[in-house]
Every structure is written in structure tokens, then in C-alpha cells.
2 protein chains.
Amino acid sequence: MSRTVEIVLSPLLLPLVDLKGKTVVVIDILRATSTICAILDNGAKAVVPVVSVEDALTYTSDDYLVAGERNGEKAKGFDFGNSPTEYSHSVIQNKQVVLTTTNGTKCIHASLAADEILVGSFFNLDVITYYLRNSENSIVLFCSGWKDRVNLEDTLFAGYVANNLRDTHSWDSDEVELAIDLVKQSQPDPASFLKKASHAQRFERLGNHGDLSVCMQFNAHPVVVQYNEGKLLSI
Amino acid sequence: MSRTVEIVLSPLLLPLVDLKGKTVVVIDILRATSTICAILDNGAKAVVPVVSVEDALTYTSDDYLVAGERNGEKAKGFDFGNSPTEYSHSVIQNKQVVLTTTNGTKCIHASLAADEILVGSFFNLDVITYYLRNSENSIVLFCSGWKDRVNLEDTLFAGYVANNLRDTHSWDSDEVELAIDLVKQSQPDPASFLKKASHAQRFERLGNHGDLSVCMQFNAHPVVVQYNEGKLLSI
């Protein structure tokens, strides 16, 4: 049977898609899924995604670092926020990082009906493409958005992945066409293109203005990240 | 206070928007809102949008024509389907047309919390733009989509309207940026561009292949259509 690719542009649109037997790629470019790729590529053993700040703070052993944000800022009592630049090798080697974010970790938990959950960002675009092309599953690219709104950066990334799956997967989906059109429109400089994104502008206001260009570094952290029994691991 | 413009890409995303005090433009290019503009421009007194086929069939007086579709085909027992080409002046002059469609009429009923509901299509792009620029209200462009999925043709039209409101309205919305990018990507021939839309392809399969190019005739039916006490009227 032929493999398909679909795109979910917002968590509110997830009910339109049947996840059974499929591979879901959760996308939250600014910044959860970018940060997860950076953490695992920089030597952490695992990332434990949790939904609430309270849940995160129950991980008190020295094996764990606790990290995450609410509304784009570091949550109170946490070791780290949600910027991929905070996690150097020396700090996180062999640690497990407990992470909660506004959008991204919620989407991982919303995807549990799928056969497999992966994490995608520009940091791991080529390796995740390679992995998906060689998997037998149909694919759902799940954009986290911002508080359930559709956003440019996640849609753009979904467009890149779908475009890369053109030879192996098919679609009957205007969402996929829309996302691939966005890729075309973003050339030749997708990072500059994204500066008009509302989320990027929100970042600017919060003083995180470096993170947009960091998160647009294609293939900077080439890890395939899979969710397995409550943890995200580099496989 | 400055006026804003927002875009709702699917009925499932409507809860993210506060309609109070705003003007909603309901958009269902293929074909409900296109057909409504054609009907009113061709001389009908009013269009009565109803949600169900059963409701439509209760209008039995000779003053009414009953029209609509389910899944893109004419519903059983109806005088007309949902194609703008069916409604010539001689047939509908001074009649009221009771219309039910898969997506469009539902969205009108979902927008009742707004201050004002209008109907938009490429048929009335310029007059509706003129009207909105001169209104004091903030605007919500509400795309009907196809069975709650985001579609290209409604998003493209929303992009045209938003782009036309650039000098009078502001936005902080990636949905608006996305729709305006789609307008750019669709140049120089938006009708050809839309042929890849899943809905257009569905039309092709149903033998309605002429309707896409008909519905892309810019300003062919220049009427401002407003919902008022259960009826859609040309104002």
C-alpha cells in the first residue's frame, strides 16, 4: 500500500487525522523540538517531556536537570529555560533533562495513539528525512503552533519535510500544498523570511532574538529522536 | 482604536477568535459563497441559508426555490445544486433561494456572535474590500474549508482581502502572513495555481470542472452580501 504524508497545522486540527499505524513527527521549531535535538546531540542520555511545571518539579534526583518555559520565559525553580543555546556538553553529559514547554511537550502526549513519535526541527532535517523515506509507515507532520494558532515556522518546516518525501510518499491535502508553497516563498533565505513570524517578533520582545537564527541552522544537530516509554532518545 | 484583521483557516479554529463587535466575512469559494453572490446579483430577493437538507425541504411555498449540495453533489428533492452557473436571471428573479451546503452555511450560523456577517468570494472582492475599508469594525476572515480541513482556495481569497486592508487594518497573525504569501505564490495566474487544490481535483472527479474557473472570475458579481435576521441580502 502506498505511503502518505499529512500535515496537522494546529493541535485543534489533530482530530481530523487518524494516527493509528503512522509515524508522527512533532514540530515546535521555536523552541521545544529544536532544543530537544540540541540536548540529545550534546550528550544527554534522554529528555523526559512532561506536561506541567508541577510534574517537572517532582524530578529531584541529581540524575535530572529540570527545564522548560511558560509563555516563552524560563519557569520558576527550573535549572534551564527552553533555549537550545543553554545546553553545553559539559553541563548535560549523561544527565536526563526533564522538559516542559507551552506547546511542544503537549503535542507529544497528544500523539500517543500513533505507532511511532519522532521529534523534528531544522537541526535534524536531513537525518529525519532519510529515516522517514526508509520507514514503511505513513507520516503525520504535527505542527505545535502557538497556543493552538497556526504559525509560520512550524508550517515551513513541515513543508520542507513533505517536499523531501515527494518521491516516496503521496498526499491529497491542501495543507501539504500550502506548506510546500511556503517553502518556495521563503527562498532564498528562510531565516530572514521567518523574521515576520509573530512568534519571532514575540521572541524579539522577550530578548531572545538570537534564537530564531540559531533554530534555523539546518542539520546542526543530526539526531533522529524517538519517543519511547516516556522518554525521548537519540536512536 | 486601531482596526485589526484576523484569519480563521478552519471552523475548528474559530474558538481562538473573539467575534464580539467584529465583522465576519464567511468564505467558501467552492462554492457556497460564490453561488450566493451570483444568486443575489442575478436578481433573487434573498438567500436563506439553512443547516440541514431537512430544514431546506420545509420551504414549500412558490416564493422559494430550494437548493444545495452534500459532498459536492445536488441534494435529493432540490430544485438546484450549488453551482453559480445554475442561477440565471429569468429563473430566480424575485425569488428567495433556500440554500444548504456542506461547509458554507454552517459557518454563517457559527458566526452569529459577531456584530455583522458578510459573504465573500472572488465575485465580490473589490466591493467587499471597499466596504471593509470604510467600516469601523475589526475584521475576521472565516474560511469554511472542506470538512474542517484547511483548503487553498479559501485561504487564497482571505489573503487577497487581508492584503487589500494593509493600509487600514493591522495584524499580529501568522495566518494572515501565510495567506498573503499564498497570494504572492499564486501569481500571475491564481486560477491555474488553484488547480492543484484537493477540492478542485474533487470537482474534476465529479464532473464540475468548469466551476473552478467560473468561481475565479474576479468581480463578476459585485454585490455586498450581508446576513440579516436569517436572510442574506445584497445591501
# chains A, B, ... in the order shown; residues from 1 in each chain; ligands from 1
$ select_by_dssp --residues "region 18-97 of chain B" --states "alpha helix (DSSP H)" --output "ChimeraX atom specification"
/B:32-41,53-56,89-92
$ closest_atom_pairs --of "chain A" --to "chain B" --cutoff "9 Å" --atoms "only C-alpha atoms" --output "Markdown table"
| residue | atom | partner | partner_atom | distance |
| --- | --- | --- | --- | --- |
| A:Leu9 | CA | B:Val150 | CA | 8.6 |
| A:Ser10 | CA | B:Leu13 | CA | 8.4 |
| A:Leu12 | CA | B:Leu12 | CA | 6.4 |
| A:Leu13 | CA | B:Leu12 | CA | 6.6 |
| A:Leu16 | CA | B:Arg149 | CA | 7.5 |
| A:Lys147 | CA | B:Leu16 | CA | 8.9 |
| A:Asp148 | CA | B:Leu16 | CA | 7.8 |
| A:Arg149 | CA | B:Leu16 | CA | 7.5 |
| A:Val150 | CA | B:Glu175 | CA | 6.2 |
| A:Asn151 | CA | B:Asp174 | CA | 5.2 |
| A:Leu152 | CA | B:Asp174 | CA | 5.7 |
| A:Asp172 | CA | B:Ser198 | CA | 6.0 |
| A:Ser173 | CA | B:Ser198 | CA | 6.0 |
| A:Asp174 | CA | B:Asn151 | CA | 5.2 |
| A:Glu175 | CA | B:Val150 | CA | 6.2 |
| A:Glu177 | CA | B:Ala197 | CA | 7.6 |
| A:Leu178 | CA | B:Leu152 | CA | 6.8 |
| A:Asp181 | CA | B:Gln185 | CA | 6.7 |
| A:Leu182 | CA | B:Asp181 | CA | 7.1 |
| A:Lys184 | CA | B:Gln185 | CA | 7.9 |
| A:Gln185 | CA | B:Gln185 | CA | 6.5 |
| A:Lys196 | CA | B:Glu177 | CA | 7.9 |
| A:Ala197 | CA | B:Asp174 | CA | 5.8 |
| A:Ser198 | CA | B:Asp174 | CA | 5.8 |
| A:His199 | CA | B:Asp174 | CA | 8.2 |
$ closest_residue --among "B:Asn71, B:Ser170, B:Ser121, B:Thr58" --to "Ala158 (chain B)" --atoms "only C-alpha atoms"
B:Ser121
$ atom_distance --atom1 "CA of Gln217 (chain A)" --atom2 "CA of Leu99 (chain A)"
21.8 Å
$ residues_around --residues "Val225 (chain B)" --least-positions-apart "6" --cutoff "6 Å" --atoms "only C-alpha atoms" --output "list in words"
Leu118, Val119, Leu233 and Ser234 of chain B
$ residues_around --residues "Ala220 (chain B)" --least-positions-apart "3" --cutoff "9 Å" --atoms "only C-alpha atoms" --output "PyMOL selection string"
chain B and resi 38+122-124+215-217
$ write_last_selection --atoms "N, CA and C atoms" --output "PDB file, in the first residue's frame"
ATOM      1  N   ALA B  38     -23.617  35.127  -6.793  1.00  0.00           N
ATOM      2  CA  ALA B  38     -24.226  35.021  -8.133  1.00  0.00           C
ATOM      3  C   ALA B  38     -25.747  35.098  -8.040  1.00  0.00           C
ATOM      4  N   PHE B 122     -14.438  35.592  -4.810  1.00  0.00           N
ATOM      5  CA  PHE B 122     -13.745  36.379  -5.834  1.00  0.00           C
ATOM      6  C   PHE B 122     -14.742  37.220  -6.645  1.00  0.00           C
ATOM      7  N   PHE B 123     -15.995  36.778  -6.702  1.00  0.00           N
ATOM      8  CA  PHE B 123     -17.042  37.511  -7.418  1.00  0.00           C
ATOM      9  C   PHE B 123     -17.268  38.925  -6.854  1.00  0.00           C
ATOM     10  N   ASN B 124     -17.030  39.108  -5.556  1.00  0.00           N
ATOM     11  CA  ASN B 124     -17.297  40.433  -4.978  1.00  0.00           C
ATOM     12  C   ASN B 124     -16.081  41.023  -4.255  1.00  0.00           C
ATOM     13  N   CYS B 215     -15.617  30.327 -10.668  1.00  0.00           N
ATOM     14  CA  CYS B 215     -15.530  30.934  -9.333  1.00  0.00           C
ATOM     15  C   CYS B 215     -14.300  31.833  -9.179  1.00  0.00           C
ATOM     16  N   MET B 216     -13.385  31.771 -10.133  1.00  0.00           N
ATOM     17  CA  MET B 216     -12.208  32.643 -10.089  1.00  0.00           C
ATOM     18  C   MET B 216     -12.379  33.881 -10.974  1.00  0.00           C
ATOM     19  N   GLN B 217     -13.592  34.164 -11.419  1.00  0.00           N
ATOM     20  CA  GLN B 217     -13.833  35.387 -12.204  1.00  0.00           C
ATOM     21  C   GLN B 217     -13.944  36.575 -11.256  1.00  0.00           C
TER      22      GLN B 217
END
$ select_by_dssp --residues "region 71-129 of chain B" --states "strand (DSSP E or B)" --output "list of chain:residue names"
B:Glu73, B:Lys74, B:Phe80, B:Gln96, B:Val97, B:Val98, B:Leu99, B:Thr100, B:Glu116, B:Ile117, B:Leu118, B:Val119, B:Gly120
$ residues_around --residues "Lys22 (chain A)" --least-positions-apart "6" --cutoff "8 Å" --atoms "only C-alpha atoms" --output "list in words"
Ala114, Asp115, Glu116, Asn137, Ser138, Ile139 and Val140 of chain A
$ write_last_selection --atoms "C-alpha atoms" --output "tab-separated table (two decimals), in the first residue's frame"
chain	number	residue	atom	x	y	z
A	114	ALA	CA	0.47	6.71	16.78
A	115	ASP	CA	2.75	3.78	16.01
A	116	GLU	CA	5.83	5.95	16.49
A	137	ASN	CA	4.84	3.98	7.78
A	138	SER	CA	2.67	6.79	6.53
A	139	ILE	CA	3.62	10.12	8.09
A	140	VAL	CA	1.80	12.84	10.02
$ closest_residue --among "A:Thr100, A:Asn163, A:Thr33, A:Ser52" --to "Val66 (chain A)" --atoms "only C-alpha atoms"
A:Thr100
$ atom_distance --atom1 "CA of Cys107 (chain B)" --atom2 "CA of Lys20 (chain B)"
15.7 Å
$ residues_around --residues "Thr101 (chain A)" --least-positions-apart "2" --cutoff "8 Å" --atoms "only C-alpha atoms" --output "list in words"
Ala32, Val51, Gly68, Glu69, Arg70, Asn82, Leu99, Asn103, Gly104, Thr105 and Lys106 of chain A
$ atom_distance --atom1 "CA of Asp28 (chain A)" --atom2 "CA of Asp154 (chain A)"
6.0 Å
$ closest_residue --among "A:Leu57, A:Ala75, A:Ile128, A:Val183" --to "Gly159 (chain A)" --atoms "only C-alpha atoms"
A:Val183
$ decode --residues "region 8-133 of chain A" --atoms "C-alpha atoms" --output "PDB file, in the first residue's frame"
ATOM      1  CA  VAL A   8      -1.651  18.985  11.043  1.00  0.00           C
ATOM      2  CA  LEU A   9      -1.323  22.783  11.224  1.00  0.00           C
ATOM      3  CA  SER A  10      -2.587  23.192  14.808  1.00  0.00           C
ATOM      4  CA  PRO A  11      -3.355  20.905  17.767  1.00  0.00           C
ATOM      5  CA  LEU A  12      -7.036  21.804  17.303  1.00  0.00           C
ATOM      6  CA  LEU A  13      -6.912  20.092  13.890  1.00  0.00           C
ATOM      7  CA  LEU A  14      -5.434  16.826  15.217  1.00  0.00           C
ATOM      8  CA  PRO A  15      -8.883  15.117  15.465  1.00  0.00           C
ATOM      9  CA  LEU A  16      -9.112  15.215  11.647  1.00  0.00           C
ATOM     10  CA  VAL A  17      -6.256  12.739  11.346  1.00  0.00           C
ATOM     11  CA  ASP A  18      -6.157   9.032  12.148  1.00  0.00           C
ATOM     12  CA  LEU A  19      -2.809   8.376  13.841  1.00  0.00           C
ATOM     13  CA  LYS A  20      -3.114   4.591  14.021  1.00  0.00           C
ATOM     14  CA  GLY A  21      -0.171   2.765  12.480  1.00  0.00           C
ATOM     15  CA  LYS A  22       1.520   6.035  11.468  1.00  0.00           C
ATOM     16  CA  THR A  23       4.678   7.888  12.385  1.00  0.00           C
ATOM     17  CA  VAL A  24       4.039  11.327  13.866  1.00  0.00           C
ATOM     18  CA  VAL A  25       6.729  13.989  13.691  1.00  0.00           C
ATOM     19  CA  VAL A  26       6.105  16.625  16.365  1.00  0.00           C
ATOM     20  CA  ILE A  27       7.318  20.075  15.311  1.00  0.00           C
ATOM     21  CA  ASP A  28       7.866  23.072  17.579  1.00  0.00           C
ATOM     22  CA  ILE A  29      10.694  24.984  15.947  1.00  0.00           C
ATOM     23  CA  LEU A  30      10.633  27.876  18.447  1.00  0.00           C
ATOM     24  CA  ARG A  31      11.783  26.150  20.501  1.00  0.00           C
ATOM     25  CA  ALA A  32      10.890  22.798  22.116  1.00  0.00           C
ATOM     26  CA  THR A  33      11.790  20.375  19.344  1.00  0.00           C
ATOM     27  CA  SER A  34      14.894  22.357  18.380  1.00  0.00           C
ATOM     28  CA  THR A  35      16.014  22.305  21.999  1.00  0.00           C
ATOM     29  CA  ILE A  36      15.333  18.565  22.333  1.00  0.00           C
ATOM     30  CA  CYS A  37      17.560  17.833  19.321  1.00  0.00           C
ATOM     31  CA  ALA A  38      20.318  20.056  20.757  1.00  0.00           C
ATOM     32  CA  ILE A  39      20.119  18.437  24.190  1.00  0.00           C
ATOM     33  CA  LEU A  40      20.384  14.898  22.828  1.00  0.00           C
ATOM     34  CA  ASP A  41      23.094  15.746  20.324  1.00  0.00           C
ATOM     35  CA  ASN A  42      25.104  17.416  23.110  1.00  0.00           C
ATOM     36  CA  GLY A  43      25.305  14.233  25.166  1.00  0.00           C
ATOM     37  CA  ALA A  44      22.272  13.974  27.439  1.00  0.00           C
ATOM     38  CA  LYS A  45      21.038  10.408  27.961  1.00  0.00           C
ATOM     39  CA  ALA A  46      17.372  11.293  27.494  1.00  0.00           C
ATOM     40  CA  VAL A  47      14.766  14.033  27.546  1.00  0.00           C
ATOM     41  CA  VAL A  48      11.681  13.413  29.661  1.00  0.00           C
ATOM     42  CA  PRO A  49       8.804  15.506  28.304  1.00  0.00           C
ATOM     43  CA  VAL A  50       6.220  16.397  30.946  1.00  0.00           C
ATOM     44  CA  VAL A  51       3.065  18.459  30.552  1.00  0.00           C
ATOM     45  CA  SER A  52       3.085  20.635  33.684  1.00  0.00           C
ATOM     46  CA  VAL A  53       5.574  22.694  35.675  1.00  0.00           C
ATOM     47  CA  GLU A  54       4.433  20.806  38.780  1.00  0.00           C
ATOM     48  CA  ASP A  55       5.216  17.431  37.184  1.00  0.00           C
ATOM     49  CA  ALA A  56       8.662  18.672  36.199  1.00  0.00           C
ATOM     50  CA  LEU A  57       9.495  19.730  39.754  1.00  0.00           C
ATOM     51  CA  THR A  58       8.874  16.196  41.101  1.00  0.00           C
ATOM     52  CA  TYR A  59      12.147  15.048  39.451  1.00  0.00           C
ATOM     53  CA  THR A  60      14.518  15.890  42.310  1.00  0.00           C
ATOM     54  CA  SER A  61      17.339  13.326  41.920  1.00  0.00           C
ATOM     55  CA  ASP A  62      20.789  14.535  40.789  1.00  0.00           C
ATOM     56  CA  ASP A  63      20.429  12.485  37.610  1.00  0.00           C
ATOM     57  CA  TYR A  64      17.902  15.009  36.357  1.00  0.00           C
ATOM     58  CA  LEU A  65      18.050  18.583  35.207  1.00  0.00           C
ATOM     59  CA  VAL A  66      14.714  20.367  35.116  1.00  0.00           C
ATOM     60  CA  ALA A  67      13.976  22.702  32.250  1.00  0.00           C
ATOM     61  CA  GLY A  68      11.234  24.496  30.402  1.00  0.00           C
ATOM     62  CA  GLU A  69       9.237  27.633  29.807  1.00  0.00           C
ATOM     63  CA  ARG A  70       5.836  29.143  30.076  1.00  0.00           C
ATOM     64  CA  ASN A  71       4.881  31.886  27.628  1.00  0.00           C
ATOM     65  CA  GLY A  72       8.421  31.992  26.273  1.00  0.00           C
ATOM     66  CA  GLU A  73      10.224  32.571  29.596  1.00  0.00           C
ATOM     67  CA  LYS A  74      12.071  30.197  31.967  1.00  0.00           C
ATOM     68  CA  ALA A  75       9.694  28.700  34.534  1.00  0.00           C
ATOM     69  CA  LYS A  76      10.321  29.373  38.227  1.00  0.00           C
ATOM     70  CA  GLY A  77      12.505  26.834  40.071  1.00  0.00           C
ATOM     71  CA  PHE A  78      13.948  25.397  36.858  1.00  0.00           C
ATOM     72  CA  ASP A  79      17.644  24.811  36.058  1.00  0.00           C
ATOM     73  CA  PHE A  80      17.219  25.850  32.430  1.00  0.00           C
ATOM     74  CA  GLY A  81      14.782  27.537  30.083  1.00  0.00           C
ATOM     75  CA  ASN A  82      13.920  26.395  26.613  1.00  0.00           C
ATOM     76  CA  SER A  83      16.724  27.808  24.512  1.00  0.00           C
ATOM     77  CA  PRO A  84      18.932  25.382  22.563  1.00  0.00           C
ATOM     78  CA  THR A  85      21.930  27.582  23.405  1.00  0.00           C
ATOM     79  CA  GLU A  86      21.801  26.788  27.129  1.00  0.00           C
ATOM     80  CA  TYR A  87      22.761  23.135  26.895  1.00  0.00           C
ATOM     81  CA  SER A  88      26.501  22.646  26.515  1.00  0.00           C
ATOM     82  CA  HIS A  89      28.074  19.177  26.509  1.00  0.00           C
ATOM     83  CA  SER A  90      29.804  19.631  29.883  1.00  0.00           C
ATOM     84  CA  VAL A  91      26.579  20.549  31.641  1.00  0.00           C
ATOM     85  CA  ILE A  92      24.288  17.815  30.366  1.00  0.00           C
ATOM     86  CA  GLN A  93      26.534  14.835  29.593  1.00  0.00           C
ATOM     87  CA  ASN A  94      24.870  11.644  30.895  1.00  0.00           C
ATOM     88  CA  LYS A  95      22.078  13.611  32.522  1.00  0.00           C
ATOM     89  CA  GLN A  96      18.396  13.278  31.826  1.00  0.00           C
ATOM     90  CA  VAL A  97      16.624  16.536  31.112  1.00  0.00           C
ATOM     91  CA  VAL A  98      13.014  16.904  32.257  1.00  0.00           C
ATOM     92  CA  LEU A  99      11.381  19.371  29.864  1.00  0.00           C
ATOM     93  CA  THR A 100       8.028  21.129  29.838  1.00  0.00           C
ATOM     94  CA  THR A 101       7.085  23.740  27.245  1.00  0.00           C
ATOM     95  CA  THR A 102       3.950  25.643  26.289  1.00  0.00           C
ATOM     96  CA  ASN A 103       3.230  23.756  23.096  1.00  0.00           C
ATOM     97  CA  GLY A 104       5.720  21.070  22.153  1.00  0.00           C
ATOM     98  CA  THR A 105       5.550  18.596  25.006  1.00  0.00           C
ATOM     99  CA  LYS A 106       1.741  18.723  24.975  1.00  0.00           C
ATOM    100  CA  CYS A 107       1.756  17.624  21.344  1.00  0.00           C
ATOM    101  CA  ILE A 108       3.943  14.620  22.121  1.00  0.00           C
ATOM    102  CA  HIS A 109       1.405  13.497  24.705  1.00  0.00           C
ATOM    103  CA  ALA A 110      -1.469  14.124  22.270  1.00  0.00           C
ATOM    104  CA  SER A 111       0.140  11.757  19.743  1.00  0.00           C
ATOM    105  CA  LEU A 112       0.278   8.596  21.830  1.00  0.00           C
ATOM    106  CA  ALA A 113      -2.167   6.764  19.525  1.00  0.00           C
ATOM    107  CA  ALA A 114       0.469   6.715  16.780  1.00  0.00           C
ATOM    108  CA  ASP A 115       2.749   3.781  16.013  1.00  0.00           C
ATOM    109  CA  GLU A 116       5.825   5.949  16.487  1.00  0.00           C
ATOM    110  CA  ILE A 117       6.550   9.517  17.622  1.00  0.00           C
ATOM    111  CA  LEU A 118       9.598  11.421  16.395  1.00  0.00           C
ATOM    112  CA  VAL A 119      10.763  14.971  17.007  1.00  0.00           C
ATOM    113  CA  GLY A 120      11.633  17.260  14.093  1.00  0.00           C
ATOM    114  CA  SER A 121      13.454  20.575  13.730  1.00  0.00           C
ATOM    115  CA  PHE A 122      15.733  22.245  11.198  1.00  0.00           C
ATOM    116  CA  PHE A 123      18.554  20.827  13.353  1.00  0.00           C
ATOM    117  CA  ASN A 124      17.759  17.284  12.208  1.00  0.00           C
ATOM    118  CA  LEU A 125      16.024  17.831   8.849  1.00  0.00           C
ATOM    119  CA  ASP A 126      18.243  15.611   6.694  1.00  0.00           C
ATOM    120  CA  VAL A 127      18.511  12.677   9.069  1.00  0.00           C
ATOM    121  CA  ILE A 128      14.806  12.655   9.819  1.00  0.00           C
ATOM    122  CA  THR A 129      14.044  12.808   6.095  1.00  0.00           C
ATOM    123  CA  TYR A 130      16.362   9.864   5.499  1.00  0.00           C
ATOM    124  CA  TYR A 131      14.699   7.926   8.318  1.00  0.00           C
ATOM    125  CA  LEU A 132      11.157   8.645   7.075  1.00  0.00           C
ATOM    126  CA  ARG A 133      11.945   7.725   3.488  1.00  0.00           C
TER     127      ARG A 133
END
